[in-house]
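Participant: This is the structure I have questions about; it appears just below.
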Amino acid sequence: MAATSLDLLQGTLDILVLKALTWGPRHGYWVAAWIKETSDGTIQVEDRALYVALHRLEERGWLEGEWKLSENNRKAKFYRLTSDGRKALRGKTQDFERYAAAALKILQST
Amino acid sequence: MSTLGRMRRLIRFDIGRPAQRAVQGSVDDELAFHLAARVDELVQRGVSREDAEREARQEFGDLQSAREELSHIDRRRVTKRTRLAWWSDLRQDTRVALRSLRSHPGFAAVVLVTIALGIGANGAIYTVVDAALLRPLPYRDPHQLVHLWETKEGTSDRSEASFPDFVDWRAYNSSFAALEGYDQTNVTITGGDVPFRANGARTTAGFLSMLGVPLVLGRSFAPGEDGPGGSPLVVISYGFWQRWFGGDPQVVGRTLTVDGANRTVIGVLPRGFLFAPAGESDLWFTIDRTAQTRGQRFNHWLRVVGRVRPGTTIEQARSDIGALMQRLGTQYPESNAGRGIAVVPLRDEIVGQLRPTLLMLFGAVALVLLIACANVASLLLARAMTRGREMALRVALGARRGRLVRQLLTESLLLSLGGGLLGIWVAHNATRVLVGAIPENVRGSMPYLANLSTDARVLAYLALITITTGVAFGLIPGLYASQPRFAALMSGDARATAGTGRARLRGALVTLEIAMTVVLLVGAGLLTRSLTRLLRVDTGFDATRTLVMRVALPGAQYNNLAQQRFFEGVLQQVRALPGVQTVGAIDNLPLNGGGTNTFHVDGQPEPDPARRPEAVMRAVAGDYFRALGIKLIDGRVFDARDDSTAMQAIVISETVARRYITSKRAVGAQVRFYAWADQPWTVVGVVGDVKTIRLDEEAPPTIYYSHLQGPANRMSIAIRSALEPSVLTGSVRRVVNALDPALPVYAIRTMQETISISPAVYARRYPLVLIGAFAAASLILAIVGIAGVIAYSVAQRTREIGVRVALGAERHTILAMILKQGGALALPGVAIGMIVAFVAARWLGSVLYGVSAADPPTYTVISALIVSVALAASYVPARRAAGLDPAQVLRAD
């Protein structure tokens, strides 16, 4: 198992997944690779946790799964952001920014 | 899988199961893709395929548990989605159905009323049938129990047994395990706030044990306790135990004051125990041990119930005891010549008279429901036809057939649920009406009808009918309307002739329905005519402004002299009340039946014992004849002179004089009664005939005597007065209670009420209410049925009619054409109905009075009624057909 250089905070993975899918319908493998790449390898998501997140978000109605052919002609499950999902991402991003700013403020206080 | 899991699977929402099975596969595919993509990437980086596969799996971690977790989430999601979709579909279907029903309020109302009538009538009849027939007799081995009656050769009369006959039956039969007797009584209970009358039964000692009823407390009578010299005992009903003794568990051994004498309670009967032939008896005693009648073979008063030995058939018992009775006839020709015995299964005795009626009603009502279903199906189908274009369009736009069927199903389920609720309401009220239509005094002998309510089982039965009909009504037109062929038909393919067979079937159903309506209407008509005739019969007395009420004196406190003094005192004081014109009393009012006595007229030859003159006996007091307006024809009525010291006097009815007394003038003749002491009685007067026994029978020969010469302990006081009955009742009660505060005054009614609750009248009024109600229900259904079939046919022939109109057919020609179609449905129905009614009316037999089963006016009026109703019902769709705009009809194609 790949080591996670940063333990993901509760709920953070959901935001990352939703954000990844703003690029359009993508499959799970792409989402994992994108998160790792975009965070310059800082954030490595455990595969199993990623899929659980995807399925939970689908259950909640923020994502919608559909089967399509992948870039190398394999049948893959693509996830699409629903309008509910988009709304949720906006809300969660704001929450996260406020949270991160507050946490940073505490850490930088002298 | 665990048992719990399996159970969960079983009860889980069933819709979407295939989708759930697909879940596992989809998760596997997704994970397989992930691993393959990772392997590809690693291979591209130069890792060997084998190492790449191992590494990819290692990176992923516990694949198996991930697979399970993901599947679990997905399954949950699928279930939730299907359920949501199901509910939202239902909401939508319901909304659409409600909107569409609201826009056709007439259609909705007709369907609702039809279903409500069908279900309501079924519920009510089922409730009554259930109470009367389906609940078993609550005794041990009830099939062994029989009721025995004495019969008289050449008549259909049944009478009670004489005590000596009963003793001989017991001693010499070989087929009964037990033979026990009972009779009914009512008594006054004192010791509470007010004295009250209670119903009781007097039995031989083994009666309750023979029925095999387990007592709640104590015991029933032991052998010998009905003999002379025992202590006075009483067994009480559960209800009486609760009401009077407050359910005291120590009640056994307590005393109860019955007719002024103390009795010891020895047992309590189980809750709900009932011996219907003895009415609703609260108190059970042993038979009167002092009765002189115990020795008299011609005095018939004991009702006998027997339990045949196991293995003996009722047929064997009948022939055994019949032969025994014949021997008694030769042994005691004086009293027993020509007497036989009838052995009737107890069940028949209890529900016998009601059974064929109830079964017939049950059949009729089931038919009503069937027809109601057919009607509604036909209405829905006609409606589906008119909505055919909508359906065809929706199919063309890609609506799934299941979805269309489901929507129609929702609509019909809504209708049937609404109809079902209305129907339960109808059933509830109809049951009350059915039971309420039985006069109170008759209901006493059918206690199983008391407190009837539509219980849970009946509701379940109704719910089943409701849902079944709902599904049936929805599915048939739904499947039919969503057929491709149907769509083709609606899109204007005139060659499609689907449904002619069905149309014919519906036509036949309507014809049947009309026939049944005719039968019921003829029955109701004949009964109505019988009843009006009967109520116009000369009763021999004047029922107007006469109030009657009953007083019974307890034998233990009143000897003969005291009884006479009491009634004389009451009559004297009531006569003095302001507003009272005349007052008298009699031991048994007219129309109430009563025992007869045989007698001999002095100076006439002694007849054969079987042909002795016989008359109903009545004791009277005060101005009885004037109070009831009975005509005096010759001689005089009784007065105060006719007391115990005077010559024994009788007043005879006209029929006695005419039939039995050969001398020129009956007044002055002397008669001797075989049952009484040998002194002669002198006829002092002749009065008009009165319907002493029944309104629908000839007035029987009747002999009256004064209570001063033959005391009576129970009398009905008859008062002719212009006063309000309630005012009068209060005054009389005060008079009675001033003389004896322990006496209840009961059975208070006017003579008109006495007539209307008399057996002859209710025997016709009750079936009239029932048959009338069914006739009305079935007439309404027939109207709906005709209208439905005609509307359907008009809908189907829209094009044809359009073409006719376009080719110049007049509106009234179209109207006549459609009306004729309605007539064509009705006429065969009327013809069949007439024939069936004509045959069936014979079953009414003796219930008809003064009218023949083939009464022409009844048949004429009813056929005219049905034909006009059929035409009226066809008129609405006919007018619609006549009003069709040809241009629109034809352009629509």
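Chain lettering (A, B, ...) mirrors the order of the structure tokens, residue numbering begins at 1 for each chain separately, and ligand numbering begins at 1 in order of display.
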Using 10 Å as the limit and counting only C-alpha atoms, can you tabulate each residue of chain B that touches chain A, with its shortest atom-to-atom distance in Å and the two atoms involved, as CSV?
Facilitator:
```
residue,atom,partner,partner_atom,distance
B:Ser26,CA,A:Lys77,CA,8.4
B:Val27,CA,A:Lys77,CA,9.1
B:Asp29,CA,A:Ala76,CA,7.5
B:Glu30,CA,A:Lys77,CA,6.0
B:Leu31,CA,A:Tyr51,CA,8.8
B:Ala32,CA,A:Ala76,CA,9.2
B:Phe33,CA,A:Ala76,CA,6.2
B:His34,CA,A:Tyr29,CA,5.6
B:Leu35,CA,A:Tyr29,CA,8.6
B:Ala36,CA,A:Arg74,CA,9.3
B:Ala37,CA,A:Tyr29,CA,7.3
B:Arg38,CA,A:Tyr29,CA,7.9
B:Glu55,CA,A:Met1,CA,8.9
B:Ala56,CA,A:Met1,CA,9.3
B:Arg57,CA,A:Met1,CA,9.2
B:Gln58,CA,A:Met1,CA,6.1
B:Glu59,CA,A:Met1,CA,4.4
B:Phe60,CA,A:Asp47,CA,5.5
B:Gly61,CA,A:Met1,CA,6.5
B:Asp62,CA,A:Arg48,CA,8.2
B:Leu63,CA,A:Arg48,CA,8.0
B:Ser65,CA,A:Arg48,CA,9.3
B:Ala66,CA,A:Arg48,CA,6.1
B:Arg67,CA,A:Arg48,CA,9.0
B:Glu69,CA,A:Val52,CA,7.5
B:Leu70,CA,A:Val52,CA,6.1
B:Ser71,CA,A:His55,CA,9.0
B:His72,CA,A:His55,CA,9.7
B:Ile73,CA,A:His55,CA,6.6
B:Asp74,CA,A:His55,CA,6.8
B:Arg75,CA,A:Glu59,CA,9.4
B:Arg76,CA,A:Glu59,CA,7.8
B:Arg77,CA,A:Glu59,CA,5.0
B:Val78,CA,A:Glu59,CA,8.2
B:Lys80,CA,A:Glu59,CA,8.8
B:Arg81,CA,A:Glu59,CA,8.9
```
Participant: May I have all residues of stretch 3-107 of chain A that DSSP, computed from the backbone, assigns to alpha helix (DSSP H), given as a ChimeraX atom specification?
Facilitator: /A:12-20,28-38,47-60,83-107
Participant: Just the selected residues (C-alpha atoms), exported as an mmCIF file, in the first residue's frame, please.
Facilitator:
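Result file follows (result24.cif):
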```cif
data_model
loop_
_atom_site.group_PDB
_atom_site.id
_atom_site.type_symbol
_atom_site.label_atom_id
_atom_site.label_comp_id
_atom_site.auth_asym_id
_atom_site.auth_seq_id
_atom_site.Cartn_x
_atom_site.Cartn_y
_atom_site.Cartn_z
ATOM 1 C CA THR A 12 -11.917 16.392 2.437
ATOM 2 C CA LEU A 13 -11.794 13.456 0.046
ATOM 3 C CA ASP A 14 -15.377 14.195 -1.013
ATOM 4 C CA ILE A 15 -14.401 17.730 -2.023
ATOM 5 C CA LEU A 16 -11.402 16.507 -3.959
ATOM 6 C CA VAL A 17 -13.467 13.930 -5.828
ATOM 7 C CA LEU A 18 -16.193 16.444 -6.680
ATOM 8 C CA LYS A 19 -13.556 18.946 -7.799
ATOM 9 C CA ALA A 20 -11.864 16.343 -10.010
ATOM 10 C CA GLY A 28 -12.222 6.239 -10.760
ATOM 11 C CA TYR A 29 -8.672 5.522 -11.930
ATOM 12 C CA TRP A 30 -8.415 8.926 -13.569
ATOM 13 C CA VAL A 31 -9.704 10.647 -10.414
ATOM 14 C CA ALA A 32 -7.069 8.905 -8.301
ATOM 15 C CA ALA A 33 -4.306 9.822 -10.734
ATOM 16 C CA TRP A 34 -5.523 13.445 -11.008
ATOM 17 C CA ILE A 35 -5.573 14.002 -7.258
ATOM 18 C CA LYS A 36 -2.082 12.589 -6.897
ATOM 19 C CA GLU A 37 -0.754 14.594 -9.811
ATOM 20 C CA THR A 38 -2.440 17.877 -8.916
ATOM 21 C CA ASP A 47 -7.782 3.273 -3.707
ATOM 22 C CA ARG A 48 -10.436 1.637 -1.617
ATOM 23 C CA ALA A 49 -11.339 4.920 0.162
ATOM 24 C CA LEU A 50 -11.634 6.655 -3.208
ATOM 25 C CA TYR A 51 -14.126 4.116 -4.544
ATOM 26 C CA VAL A 52 -16.147 4.175 -1.339
ATOM 27 C CA ALA A 53 -16.311 7.972 -1.658
ATOM 28 C CA LEU A 54 -17.410 7.723 -5.290
ATOM 29 C CA HIS A 55 -20.172 5.263 -4.472
ATOM 30 C CA ARG A 56 -21.362 7.228 -1.441
ATOM 31 C CA LEU A 57 -21.539 10.418 -3.504
ATOM 32 C CA GLU A 58 -23.458 8.526 -6.139
ATOM 33 C CA GLU A 59 -25.876 7.250 -3.477
ATOM 34 C CA ARG A 60 -26.349 10.797 -2.244
ATOM 35 C CA SER A 83 -26.334 19.764 -10.530
ATOM 36 C CA ASP A 84 -26.841 18.800 -6.894
ATOM 37 C CA GLY A 85 -23.214 17.709 -6.831
ATOM 38 C CA ARG A 86 -22.089 21.034 -8.279
ATOM 39 C CA LYS A 87 -24.059 22.913 -5.635
ATOM 40 C CA ALA A 88 -22.570 20.709 -2.922
ATOM 41 C CA LEU A 89 -19.067 21.339 -4.186
ATOM 42 C CA ARG A 90 -19.592 25.114 -4.011
ATOM 43 C CA GLY A 91 -20.842 24.887 -0.438
ATOM 44 C CA LYS A 92 -18.150 22.504 0.688
ATOM 45 C CA THR A 93 -15.381 24.492 -0.920
ATOM 46 C CA GLN A 94 -16.443 27.638 0.936
ATOM 47 C CA ASP A 95 -16.644 25.686 4.185
ATOM 48 C CA PHE A 96 -13.227 24.190 3.590
ATOM 49 C CA GLU A 97 -11.646 27.540 2.778
ATOM 50 C CA ARG A 98 -13.064 29.106 5.924
ATOM 51 C CA TYR A 99 -11.860 26.145 7.935
ATOM 52 C CA ALA A 100 -8.407 26.108 6.449
ATOM 53 C CA ALA A 101 -8.022 29.888 6.909
ATOM 54 C CA ALA A 102 -9.085 29.620 10.529
ATOM 55 C CA ALA A 103 -6.766 26.711 11.204
ATOM 56 C CA LEU A 104 -3.893 28.562 9.531
ATOM 57 C CA LYS A 105 -4.607 31.665 11.565
ATOM 58 C CA ILE A 106 -4.342 29.662 14.770
ATOM 59 C CA LEU A 107 -1.102 28.032 13.677
#
```
Participant: Would you compute the distance between atom CA of B:Thr431 and atom CA of B:Arg764? Give it in Å to one decimal.
Facilitator: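 Separation of atom CA of B:Thr431 and atom CA of B:Arg764: 18.7 Å.
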Participant: Which residue out of B:Ala585, B:Val43, B:Ala837, B:Ala887 has the minimum interatomic distance to B:Gln572 when only C-alpha atoms are used?
Facilitator: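 Going through B:Ala585, B:Val43, B:Ala837, B:Ala887 one by one, the smallest distance to B:Gln572 is for B:Ala585.
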